[in-house]
Amino acid sequence: MTTLFDPIQAGRLHLSNRIAMAPLTRNRAPDAIPTPLMAQYYAQRASAGLLITEATAISPQAQGYSDVPGLYSTEQLDGWKKVTHAVHAADGQIVVQLWHVGRVSHTSLQPEHQAPVAPSALRAHTKTVLIQDGVPTFVDTSMPRALDAAELPGIVQDYRHAARNAIACGFDGVEIHAANGYLLEQFLKTGANQRTDDYGGNLKNRTRLLLEVVRAITDEIGPDRTAIRLSPVTPANDITDDHPQQIFDYLMHQLAPLGLAYLHIVEGATGGARELPDQPFDYAQLKAVYRTAGGQGAWMVNNAYDKAMAEQALAAGADIVAFGRPYIANPDLVERLQRNAPLNTPDRATFYGGGAEGYTDYPTLDA
Ligand code: 8OZ
């Protein structure tokens, strides 16, 4: 029987175990520049089979929160190089999550304080985090403007550049953030996309931007170190779809031939309930559709897993399990799971913003 502690190949990535650190926004990158403290934080967690960075903006327009990192300026790349170097020195492996927030932003974070961009001029009824005088404050997102179709190639180009930058920084690959109500999912789902052009309406049109982004990135850095995160039914950031099974099954057919390293599936509500009574979704069917269509990427699952659930998921055919909140508080999560040791409890008050406290000061078992 496969265990969490068995290695696995995912495209070009070789994971020493099936435990991934899920992407976690921590708002500790002032001016969007990764810091030495971030290098320490990721290196502390390097025993994970794979580290996935916090969501990282591909361009100034892609920013939606205070103090989240970017991957487009020289200073940002220099900061990330220290992160990948520290992780590799600790024998870890790290991919960067590429992010465009779309409408989940605030004018104060946008270039020239313009409106955030979205498929349609529909406001997301959700909050973003602004850090004012060091204190994280949740504020309503701003009213977005609808993107002109002529602007979309520029956004695809920004993803391509960010992927190139990722490799230049020493990342082992990239994970495209197409989940949690951000730009790519805004195009996918009916609740945010009312376009009448080639990027709205039918399944082909609503998946078009996402697939253009995937193709640009795989063309740039190779499919075997490109991955994607999806959240078929999450209500995160006010996102909804009328028929999620339909569009995600369709997407599996499109992604299957592209040779991605892994698919990362958030089951249920991100950071919340795994079962949503009014939004049933068949994840086994999703995987079956992908495999039947020839998809060979590793299947990564996420959301509120513990060890027993993770082992069940592997037995049911998942390849990798991503742990989020447990990784905030347990840098040595792999060892703790292996030894059935108790886990430290994460402190919500220090999730977003601040310094070392609640970030790099959680003790290991040995400490
Ligand atoms: C929590 C706070 C801010 C951003 C996501 C990038 O949900 C995020 C995020 C999570 O994917």
# chains A, B, ... in the order shown; residues from 1 in each chain; ligands from 1

call {"tool": "residues_near_ligand", "arguments": {"ligand": "ligand 1", "cutoff": "6 Å", "atoms": "only C-alpha atoms and all ligand atoms", "output": "VMD selection string"}}
result
chain A and resid 25 55 180

call {"tool": "write_last_selection", "arguments": {"atoms": "C-alpha atoms", "output": "PDB file, in the first residue's frame"}}
result
ATOM      1  CA  THR A  25      -0.941  33.975   1.927  1.00  0.00           C
ATOM      2  CA  ALA A  55       0.131  33.306  -4.222  1.00  0.00           C
ATOM      3  CA  ASN A 180     -10.550  30.783  -5.106  1.00  0.00           C
TER       4      ASN A 180
END

call {"tool": "residues_around", "arguments": {"residues": "region 170-178 of chain A", "least_positions_apart": "5", "cutoff": "8 Å", "atoms": "only C-alpha atoms", "output": "count of residues only"}}
result
27

call {"tool": "select_by_dssp", "arguments": {"residues": "region 178-358 of chain A", "states": "strand (DSSP E)", "output": "JSON, numbers by chain"}}
result
{"A": [226, 227, 228, 229, 230, 262, 263, 264, 265, 266, 298, 299, 300, 301, 302, 320, 321, 322, 323]}

call {"tool": "residues_around", "arguments": {"residues": "Glu220 (chain A)", "least_positions_apart": "5", "cutoff": "9 Å", "atoms": "only C-alpha atoms", "output": "list in words"}}
result
Arg160, His161, Ala163, Arg164 and Arg215 of chain A

call {"tool": "closest_residue", "arguments": {"among": "A:Tyr42, A:Phe281, A:Tyr262, A:Tyr327", "to": "Phe248 (chain A)", "atoms": "only C-alpha atoms"}}
result
A:Phe281

call {"tool": "closest_residue", "arguments": {"among": "A:Asp319, A:Asp347, A:Asp6, A:Asp238", "to": "Gln186 (chain A)", "atoms": "only C-alpha atoms"}}
result
A:Asp238
